[in-house]
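Enquirer: Quick one: the structure is below, and I'll ask about it shortly.
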Amino acid sequence: MSPAMTKSITLNGAPHRSAAATIADLVRELELVPEKVAVERNGEIVPRSTLGEAPLADGDKLEIVHFVGGGDQAAKSGDDDTWTVAGRTFRSRLIVGTGKYKSFEQNAAAVAASGAEIVTVAVRRVNVSDPKAPMLTDFIDPKKITYLPNTAGCFTGEDAVRTLRLAREAGGWDLVKLEVLGEARTLYPDMRETLKATEVLAKEGFLPMVYCADDPIAAKQLEDAGAVAIMPLGAPIGSGLGIQNRVMIRLIVEGAKVPVLVDAGVGTASDAAVGMELGCDGILMNTAIAEAKDPIRMARAMKLAVEAGREAYLAGRMARRMYADPSSPLAGLI
């Protein structure tokens, strides 16, 4: 390669030299699969259909990303009890993440055991030094399981919107999960940035399911801004503390006209059941399964817990009483 023919560009944040004439040539030069990546040049998405005509210029800044770990369920009892978000109907009310697993194989096995029909996926830069490395899509088929691209790790609304634009280009997904974090220590949502990003995404045709604080006022504002689902935290992300504020979750459920799903904080099966007993439409979890001593068994437990909690909610629990009420009649005692 003649130095005079090469261009100096910035690729995924690092200096890179290439003789490619177009972005498509660069993708091929990196031995990447075009159908599995999305490209941003100088802050603008380059549609995949135009990569062959998009010239690569000296000084260009490019981001090339893909999805990383960040099926039909057999009919059971209550198989008609489906839920719908943005016009899409699902049987399983359990959504699982794809991060923290020991391997893609373990992740795929856990998804199968959970019965989940939706998985959240993070959008990350491709590893240009090893383009043939295994990818999540090699193990969890997006044609069988609904991918829900999320903005994990974004601390501004602008970064979150930019990430989801890349996600839509990479896979065509418009149903997305938005989260904008306020700080790294608590991973609590920045509601001001979250609301602004929700408005932008809705105007651009996205269908955002939005991670938020357990605040019924904020939840209503997000719904009015275009959120297709409200996802209040049960406890800090990855904490496993369980649902800390049942009263607020219940108020959010009562006031929402879109699905409500507990997102973050679930640690074990009883936590998932509690969320469903409060009337939530579903539960999203990652760490509770991935960091269990036996992730596959925990995935099955979570599946059963979500189903049991839903059944209990539909059945209607007994009234709470201050004093004992005997189950057996006292009349006729010997």
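Simple scheme: letters A, B, ... for chains in structure tokens order, numbers from 1 for residues in each chain, numbers from 1 for ligands in the order shown.
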With only C-alpha atoms as the counted atoms, please give the residues lying no more than 8 Å from A:Ala86, apart from itself and same-chain residues fewer than 5 positions off, as an mmCIF file with N, CA and C atoms, in the first residue's frame.
Expert:
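New file result21.cif:
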```cif
data_model
loop_
_atom_site.group_PDB
_atom_site.id
_atom_site.type_symbol
_atom_site.label_atom_id
_atom_site.label_comp_id
_atom_site.auth_asym_id
_atom_site.auth_seq_id
_atom_site.Cartn_x
_atom_site.Cartn_y
_atom_site.Cartn_z
ATOM 1 N N LEU A 175 -38.377 -0.473 17.784
ATOM 2 C CA LEU A 175 -38.716 -0.704 19.183
ATOM 3 C C LEU A 175 -37.408 -0.778 19.967
ATOM 4 N N LEU A 207 -39.928 3.778 18.769
ATOM 5 C CA LEU A 207 -40.922 3.344 19.750
ATOM 6 C C LEU A 207 -40.166 3.049 21.046
ATOM 7 N N VAL A 228 -43.613 4.206 24.682
ATOM 8 C CA VAL A 228 -44.586 3.143 24.433
ATOM 9 C C VAL A 228 -44.650 2.170 25.602
#
```
Enquirer: If we count only C-alpha atoms, what is near A:Leu164 at a cut-off of 9 Å, once residues fewer than 4 positions away on the same chain are taken out, given as a list in words?
Expert: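 Close residues of A:Leu164: Val123, Pro149, Asn150, Thr151, Asp159, Ala160, Arg168, Glu169, Trp173, Asp174, Val176, Lys177, Leu178, Leu201 and Phe206 of chain A.
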Enquirer: Give me the residues within 10 Å of A:Glu254 as a list in words, counting only C-alpha atoms and dropping any in the same chain fewer than 3 places off.
Expert: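 Residues meeting the cut-off are Pro216, Met248, Ile249, Arg250, Leu251, Lys257, Val260, Leu278, Gly279 and Cys280 of chain A.
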Enquirer: I need the residues from that last selection saved to file as a PDB file, in the first residue's frame (with N, CA, C and O atoms), if you can.
Expert:
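Final output, saved to result.pdb:
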```pdb
ATOM      1  N   PRO A 216     -44.476   8.415  39.717  1.00  0.00           N
ATOM      2  CA  PRO A 216     -45.661   8.424  38.857  1.00  0.00           C
ATOM      3  C   PRO A 216     -45.802   9.695  38.023  1.00  0.00           C
ATOM      4  O   PRO A 216     -46.367   9.659  36.930  1.00  0.00           O
ATOM      5  N   MET A 248     -45.127   3.225  44.977  1.00  0.00           N
ATOM      6  CA  MET A 248     -44.939   4.038  43.770  1.00  0.00           C
ATOM      7  C   MET A 248     -45.108   3.212  42.499  1.00  0.00           C
ATOM      8  O   MET A 248     -45.678   3.693  41.510  1.00  0.00           O
ATOM      9  N   ILE A 249     -44.616   1.972  42.520  1.00  0.00           N
ATOM     10  CA  ILE A 249     -44.800   1.112  41.347  1.00  0.00           C
ATOM     11  C   ILE A 249     -46.292   0.909  41.095  1.00  0.00           C
ATOM     12  O   ILE A 249     -46.772   0.979  39.961  1.00  0.00           O
ATOM     13  N   ARG A 250     -47.035   0.682  42.169  1.00  0.00           N
ATOM     14  CA  ARG A 250     -48.470   0.478  42.029  1.00  0.00           C
ATOM     15  C   ARG A 250     -49.156   1.729  41.478  1.00  0.00           C
ATOM     16  O   ARG A 250     -50.048   1.639  40.614  1.00  0.00           O
ATOM     17  N   LEU A 251     -48.755   2.906  41.945  1.00  0.00           N
ATOM     18  CA  LEU A 251     -49.332   4.149  41.437  1.00  0.00           C
ATOM     19  C   LEU A 251     -49.020   4.343  39.952  1.00  0.00           C
ATOM     20  O   LEU A 251     -49.858   4.827  39.186  1.00  0.00           O
ATOM     21  N   LYS A 257     -51.330   4.297  30.696  1.00  0.00           N
ATOM     22  CA  LYS A 257     -52.126   3.754  29.604  1.00  0.00           C
ATOM     23  C   LYS A 257     -51.265   2.899  28.672  1.00  0.00           C
ATOM     24  O   LYS A 257     -51.754   2.399  27.662  1.00  0.00           O
ATOM     25  N   VAL A 260     -46.350  -1.246  31.767  1.00  0.00           N
ATOM     26  CA  VAL A 260     -45.385  -0.914  32.803  1.00  0.00           C
ATOM     27  C   VAL A 260     -44.609  -2.176  33.144  1.00  0.00           C
ATOM     28  O   VAL A 260     -45.204  -3.221  33.424  1.00  0.00           O
ATOM     29  N   LEU A 278     -48.068  -6.713  41.660  1.00  0.00           N
ATOM     30  CA  LEU A 278     -48.438  -5.299  41.703  1.00  0.00           C
ATOM     31  C   LEU A 278     -49.196  -4.864  40.455  1.00  0.00           C
ATOM     32  O   LEU A 278     -49.666  -3.730  40.378  1.00  0.00           O
ATOM     33  N   GLY A 279     -49.289  -5.762  39.481  1.00  0.00           N
ATOM     34  CA  GLY A 279     -50.022  -5.443  38.259  1.00  0.00           C
ATOM     35  C   GLY A 279     -49.153  -5.038  37.093  1.00  0.00           C
ATOM     36  O   GLY A 279     -49.666  -4.606  36.053  1.00  0.00           O
ATOM     37  N   CYS A 280     -47.840  -5.150  37.237  1.00  0.00           N
ATOM     38  CA  CYS A 280     -46.947  -4.811  36.120  1.00  0.00           C
ATOM     39  C   CYS A 280     -47.182  -5.767  34.957  1.00  0.00           C
ATOM     40  O   CYS A 280     -47.572  -6.924  35.142  1.00  0.00           O
TER      41      CYS A 280
END
```
Enquirer: What separation in Å, quoted to one decimal, exists between atom CA of A:Phe104 and atom CA of A:Ala299?
Expert: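 Computed distance, atom CA of A:Phe104 to atom CA of A:Ala299, equals 15.1 Å.
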Enquirer: DSSP on the backbone, then: every residue of stretch 133-334 of chain A marked strand (DSSP E), written as a PyMOL selection string.
Expert: chain A and resi 146-150+175-178+207-212+229-232+261-263+282-285
Enquirer: For each of A:Thr10, A:Leu181, A:Met209, A:Gly172, take the minimum atom-to-atom distance to A:Gly153, counting only C-alpha atoms, then give the residue where this is smallest.
Expert: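 The closest residue to A:Gly153 is A:Leu181.
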Enquirer: Hey, which bits of stretch 101-165 of chain A sit within 8 Å of stretch 184-196 of chain A, and for each residue what's the closest pair of atoms and how far apart in Å (one decimal), counting only C-alpha atoms, rows by chain and increasing number, as a Markdown table?
Expert:
```
| residue | atom | partner | partner_atom | distance |
| --- | --- | --- | --- | --- |
| A:Phe155 | CA | A:Asp190 | CA | 7.8 |
| A:Thr156 | CA | A:Glu193 | CA | 6.2 |
| A:Gly157 | CA | A:Glu193 | CA | 5.0 |
```
Enquirer: If you keep all heavy atoms, can you produce a file of those selected residues as a short mmCIF file (atom, residue, chain, number, x, y, z; two decimals), in the first residue's frame?
Expert:
```cif
data_model
loop_
_atom_site.label_atom_id
_atom_site.label_comp_id
_atom_site.auth_asym_id
_atom_site.auth_seq_id
_atom_site.Cartn_x
_atom_site.Cartn_y
_atom_site.Cartn_z
N PHE A 155 -24.85 8.68 29.25
CA PHE A 155 -25.09 9.64 30.32
C PHE A 155 -25.65 10.97 29.82
O PHE A 155 -25.83 11.89 30.60
CB PHE A 155 -23.79 9.88 31.11
CG PHE A 155 -23.39 8.70 31.96
CD1 PHE A 155 -22.67 7.66 31.42
CD2 PHE A 155 -23.77 8.63 33.29
CE1 PHE A 155 -22.31 6.56 32.20
CE2 PHE A 155 -23.43 7.55 34.08
CZ PHE A 155 -22.69 6.50 33.53
N THR A 156 -25.92 11.06 28.51
CA THR A 156 -26.59 12.24 27.97
C THR A 156 -27.66 11.78 26.98
O THR A 156 -27.53 10.71 26.36
CB THR A 156 -25.63 13.18 27.22
OG1 THR A 156 -25.17 12.56 26.02
CG2 THR A 156 -24.44 13.55 28.10
N GLY A 157 -28.70 12.60 26.85
CA GLY A 157 -29.73 12.27 25.89
C GLY A 157 -29.20 12.22 24.47
O GLY A 157 -29.61 11.40 23.66
#
```
Enquirer: Fewer than 5 positions away in the same chain doesn't count, so skip those; otherwise give me all residues within 7 Å of A:Leu94, counting only C-alpha atoms, as a list in words.
Expert: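 Close residues of A:Leu94: Ala116, Gly282, Ile283, Leu284, Lys303 and Val306 of chain A.
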Enquirer: Keeping only N, CA and C atoms, write those residues as a PDB file, in the first residue's frame.
Expert:
```
ATOM      1  N   ALA A 116     -38.150 -16.309  27.427  1.00  0.00           N
ATOM      2  CA  ALA A 116     -38.244 -14.918  26.994  1.00  0.00           C
ATOM      3  C   ALA A 116     -38.340 -14.815  25.476  1.00  0.00           C
ATOM      4  N   GLY A 282     -44.797  -6.762  32.946  1.00  0.00           N
ATOM      5  CA  GLY A 282     -43.649  -7.629  32.748  1.00  0.00           C
ATOM      6  C   GLY A 282     -42.493  -7.210  33.634  1.00  0.00           C
ATOM      7  N   ILE A 283     -41.430  -7.990  33.562  1.00  0.00           N
ATOM      8  CA  ILE A 283     -40.223  -7.759  34.347  1.00  0.00           C
ATOM      9  C   ILE A 283     -39.019  -7.877  33.421  1.00  0.00           C
ATOM     10  N   LEU A 284     -38.085  -6.942  33.564  1.00  0.00           N
ATOM     11  CA  LEU A 284     -36.826  -7.034  32.824  1.00  0.00           C
ATOM     12  C   LEU A 284     -35.700  -7.283  33.828  1.00  0.00           C
ATOM     13  N   LYS A 303     -38.870 -17.562  35.098  1.00  0.00           N
ATOM     14  CA  LYS A 303     -40.012 -17.796  34.208  1.00  0.00           C
ATOM     15  C   LYS A 303     -41.243 -18.193  35.019  1.00  0.00           C
ATOM     16  N   VAL A 306     -42.574 -15.215  37.299  1.00  0.00           N
ATOM     17  CA  VAL A 306     -43.351 -14.218  36.555  1.00  0.00           C
ATOM     18  C   VAL A 306     -44.746 -14.761  36.264  1.00  0.00           C
TER      19      VAL A 306
END
```
Enquirer: Let me make sure I understand: among A:Leu11, A:Val200, A:Val111, A:Met285, which one has the smallest atom-to-atom distance to A:Asn42 if we use only C-alpha atoms?
Expert: A:Leu11
Enquirer: Quick one: of A:Val247, A:Cys212, A:Met5, A:Ala170, who's nearest to A:Lys36, counting only C-alpha atoms?
Expert: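 Between A:Val247, A:Cys212, A:Met5, A:Ala170, the residue approaching A:Lys36 most closely is A:Ala170.
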Enquirer: Using DSSP on the backbone coordinates, identify the residues of stretch 4-160 of chain A assigned to alpha helix (DSSP H); present them as a PyMOL selection string.
Expert: chain A and resi 23-29+104-114+157-160
Enquirer: Keeping only all heavy atoms, write those residues as a compact mmCIF listing (two decimals), in the first residue's frame.
Expert:
```txt
# COMPACT_ATOMS: atom_id res chain seq x y z
N ILE A 23 -16.71 3.71 1.82
CA ILE A 23 -16.91 3.09 3.13
C ILE A 23 -17.14 1.60 2.97
O ILE A 23 -16.69 0.79 3.79
CB ILE A 23 -18.08 3.76 3.87
CG1 ILE A 23 -17.72 5.21 4.19
CG2 ILE A 23 -18.42 3.00 5.15
CD1 ILE A 23 -18.81 5.99 4.89
N ALA A 24 -17.81 1.20 1.88
CA ALA A 24 -18.01 -0.23 1.64
C ALA A 24 -16.66 -0.93 1.48
O ALA A 24 -16.46 -2.05 1.98
CB ALA A 24 -18.87 -0.44 0.40
N ASP A 25 -15.72 -0.28 0.78
CA ASP A 25 -14.38 -0.85 0.63
C ASP A 25 -13.71 -1.01 1.99
O ASP A 25 -13.03 -2.01 2.26
CB ASP A 25 -13.51 0.03 -0.27
CG ASP A 25 -14.01 0.06 -1.71
OD1 ASP A 25 -14.68 -0.91 -2.12
OD2 ASP A 25 -13.71 1.04 -2.42
N LEU A 26 -13.91 -0.02 2.87
CA LEU A 26 -13.32 -0.08 4.21
C LEU A 26 -13.90 -1.25 4.99
O LEU A 26 -13.17 -1.99 5.66
CB LEU A 26 -13.57 1.23 4.95
CG LEU A 26 -13.13 1.26 6.42
CD1 LEU A 26 -11.62 1.13 6.52
CD2 LEU A 26 -13.60 2.54 7.09
N VAL A 27 -15.22 -1.41 4.92
CA VAL A 27 -15.86 -2.52 5.63
C VAL A 27 -15.30 -3.85 5.16
O VAL A 27 -14.98 -4.74 5.97
CB VAL A 27 -17.39 -2.47 5.45
CG1 VAL A 27 -18.06 -3.73 6.00
CG2 VAL A 27 -17.96 -1.23 6.12
N ARG A 28 -15.13 -3.99 3.85
CA ARG A 28 -14.56 -5.24 3.31
C ARG A 28 -13.10 -5.38 3.71
O ARG A 28 -12.62 -6.49 4.01
CB ARG A 28 -14.70 -5.26 1.78
CG ARG A 28 -16.12 -5.52 1.29
CD ARG A 28 -16.15 -5.77 -0.21
NE ARG A 28 -15.90 -4.56 -0.96
CZ ARG A 28 -16.87 -3.74 -1.39
NH1 ARG A 28 -18.13 -4.03 -1.12
NH2 ARG A 28 -16.57 -2.66 -2.07
N GLU A 29 -12.38 -4.27 3.73
CA GLU A 29 -10.97 -4.29 4.13
C GLU A 29 -10.82 -4.79 5.57
O GLU A 29 -9.85 -5.48 5.90
CB GLU A 29 -10.41 -2.87 4.00
CG GLU A 29 -8.95 -2.71 4.33
CD GLU A 29 -8.52 -1.25 4.22
OE1 GLU A 29 -8.37 -0.78 3.07
OE2 GLU A 29 -8.39 -0.59 5.26
N PHE A 104 -21.40 -16.74 25.21
CA PHE A 104 -22.61 -16.60 24.40
C PHE A 104 -23.47 -17.86 24.50
O PHE A 104 -24.70 -17.80 24.47
CB PHE A 104 -22.25 -16.34 22.94
CG PHE A 104 -21.76 -14.94 22.66
CD1 PHE A 104 -20.64 -14.73 21.86
CD2 PHE A 104 -22.42 -13.84 23.18
CE1 PHE A 104 -20.19 -13.44 21.59
CE2 PHE A 104 -21.98 -12.54 22.92
CZ PHE A 104 -20.86 -12.35 22.13
N GLU A 105 -22.81 -19.03 24.61
CA GLU A 105 -23.55 -20.28 24.71
C GLU A 105 -24.40 -20.31 25.98
O GLU A 105 -25.57 -20.71 25.94
CB GLU A 105 -22.59 -21.48 24.71
CG GLU A 105 -21.89 -21.74 23.39
CD GLU A 105 -20.58 -20.98 23.25
OE1 GLU A 105 -20.32 -20.07 24.08
OE2 GLU A 105 -19.82 -21.28 22.31
N GLN A 106 -23.82 -19.88 27.10
CA GLN A 106 -24.57 -19.85 28.35
C GLN A 106 -25.72 -18.85 28.26
O GLN A 106 -26.82 -19.11 28.74
CB GLN A 106 -23.64 -19.49 29.51
CG GLN A 106 -24.34 -19.54 30.87
CD GLN A 106 -23.47 -19.01 31.99
OE1 GLN A 106 -23.14 -17.82 32.02
NE2 GLN A 106 -23.08 -19.89 32.91
N ASN A 107 -25.46 -17.73 27.65
CA ASN A 107 -26.48 -16.70 27.46
C ASN A 107 -27.65 -17.26 26.67
O ASN A 107 -28.82 -17.11 27.05
CB ASN A 107 -25.87 -15.51 26.75
CG ASN A 107 -26.74 -14.26 26.76
OD1 ASN A 107 -26.30 -13.19 26.36
ND2 ASN A 107 -27.98 -14.37 27.20
N ALA A 108 -27.37 -17.94 25.57
CA ALA A 108 -28.42 -18.50 24.72
C ALA A 108 -29.22 -19.57 25.47
O ALA A 108 -30.45 -19.64 25.35
CB ALA A 108 -27.81 -19.09 23.46
N ALA A 109 -28.54 -20.38 26.27
CA ALA A 109 -29.22 -21.42 27.04
C ALA A 109 -30.14 -20.80 28.09
O ALA A 109 -31.25 -21.29 28.35
CB ALA A 109 -28.20 -22.35 27.70
N ALA A 110 -29.69 -19.71 28.72
CA ALA A 110 -30.51 -19.04 29.72
C ALA A 110 -31.75 -18.42 29.08
O ALA A 110 -32.85 -18.47 29.64
CB ALA A 110 -29.69 -17.97 30.43
N VAL A 111 -31.59 -17.82 27.92
CA VAL A 111 -32.74 -17.24 27.22
C VAL A 111 -33.77 -18.32 26.91
O VAL A 111 -34.97 -18.15 27.11
CB VAL A 111 -32.29 -16.53 25.92
CG1 VAL A 111 -33.50 -16.13 25.08
CG2 VAL A 111 -31.46 -15.30 26.26
N ALA A 112 -33.28 -19.48 26.44
CA ALA A 112 -34.19 -20.58 26.13
C ALA A 112 -34.92 -21.06 27.38
O ALA A 112 -36.13 -21.30 27.36
CB ALA A 112 -33.41 -21.72 25.49
N ALA A 113 -34.20 -21.19 28.48
CA ALA A 113 -34.81 -21.67 29.72
C ALA A 113 -35.82 -20.68 30.29
O ALA A 113 -36.80 -21.08 30.91
CB ALA A 113 -33.72 -21.96 30.76
N SER A 114 -35.59 -19.40 30.05
CA SER A 114 -36.48 -18.36 30.58
C SER A 114 -37.79 -18.25 29.81
O SER A 114 -38.76 -17.69 30.31
CB SER A 114 -35.78 -17.00 30.56
OG SER A 114 -35.69 -16.50 29.23
N GLY A 157 -28.70 12.60 26.85
CA GLY A 157 -29.73 12.27 25.89
C GLY A 157 -29.20 12.22 24.47
O GLY A 157 -29.61 11.40 23.66
N GLU A 158 -28.26 13.11 24.17
CA GLU A 158 -27.69 13.16 22.82
C GLU A 158 -26.97 11.86 22.48
O GLU A 158 -27.14 11.32 21.38
CB GLU A 158 -26.70 14.34 22.73
CG GLU A 158 -26.09 14.51 21.35
CD GLU A 158 -25.12 15.69 21.28
OE1 GLU A 158 -24.97 16.40 22.30
OE2 GLU A 158 -24.51 15.89 20.22
N ASP A 159 -26.19 11.33 23.42
CA ASP A 159 -25.49 10.07 23.17
C ASP A 159 -26.48 8.92 23.01
O ASP A 159 -26.28 8.02 22.19
CB ASP A 159 -24.52 9.76 24.31
CG ASP A 159 -23.26 10.60 24.26
OD1 ASP A 159 -23.00 11.21 23.20
OD2 ASP A 159 -22.52 10.64 25.26
N ALA A 160 -27.55 8.94 23.80
CA ALA A 160 -28.54 7.87 23.71
C ALA A 160 -29.23 7.88 22.35
O ALA A 160 -29.42 6.83 21.73
CB ALA A 160 -29.56 8.03 24.84
```
Enquirer: For A:Ala57, work out the shell of residues within 8 Å, counting only C-alpha atoms and skipping chain neighbours fewer than 3 positions away, then give it as a list in words.
Expert: Lys7, Ile9, Ala21 and Asp60 of chain A
Enquirer: Would you mind listing what lies within 7 Å of A:Ser270 as a PyMOL selection string, with only C-alpha atoms counted and same-chain residues fewer than 3 positions away left out?
Expert: chain A and resi 273-274+305
Enquirer: Could you save those same residues with N, CA, C and O atoms as a tab-separated table (two decimals), in the first residue's frame?
Expert:
```tsv
chain	number	residue	atom	x	y	z
A	273	ALA	N	-41.97	-12.14	41.26
A	273	ALA	CA	-43.37	-12.40	41.55
A	273	ALA	C	-44.04	-11.17	42.16
A	273	ALA	O	-45.18	-10.84	41.82
A	274	VAL	N	-43.33	-10.47	43.04
A	274	VAL	CA	-43.88	-9.25	43.66
A	274	VAL	C	-44.22	-8.22	42.59
A	274	VAL	O	-45.30	-7.61	42.61
A	305	ALA	N	-41.73	-17.72	38.24
A	305	ALA	CA	-42.11	-16.66	39.18
A	305	ALA	C	-42.96	-15.60	38.50
A	305	ALA	O	-43.94	-15.11	39.07
```
Enquirer: So, counting only C-alpha atoms, which residue among A:Glu31, A:Arg310, A:Thr22, A:Leu222 is closest to A:Ala133?
Expert: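 Once distances to A:Ala133 are computed over only C-alpha atoms, the minimum belongs to A:Glu31.
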Enquirer: Can you measure atom CA of A:Ile230 to atom CA of A:Asp141 for me? One decimal in Å is fine.
Expert: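 Taking atom CA of A:Ile230 and atom CA of A:Asp141, their separation equals 26.2 Å.
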Enquirer: I'd like the neighbourhood of A:Ala292 as JSON, numbers by chain, where a residue qualifies if any of its atoms comes within 10 Å (using only C-alpha atoms), though same-chain residues fewer than 6 positions away should be ignored.
Expert: {"A": [101, 267, 268, 298, 299]}
Enquirer: Pick the closest to A:Lys203 from A:Gly316, A:Gly226, A:Gly99, A:Gly309: which is it, counting only C-alpha atoms?
Expert: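 Of all the options, A:Gly226 lies closest to A:Lys203.
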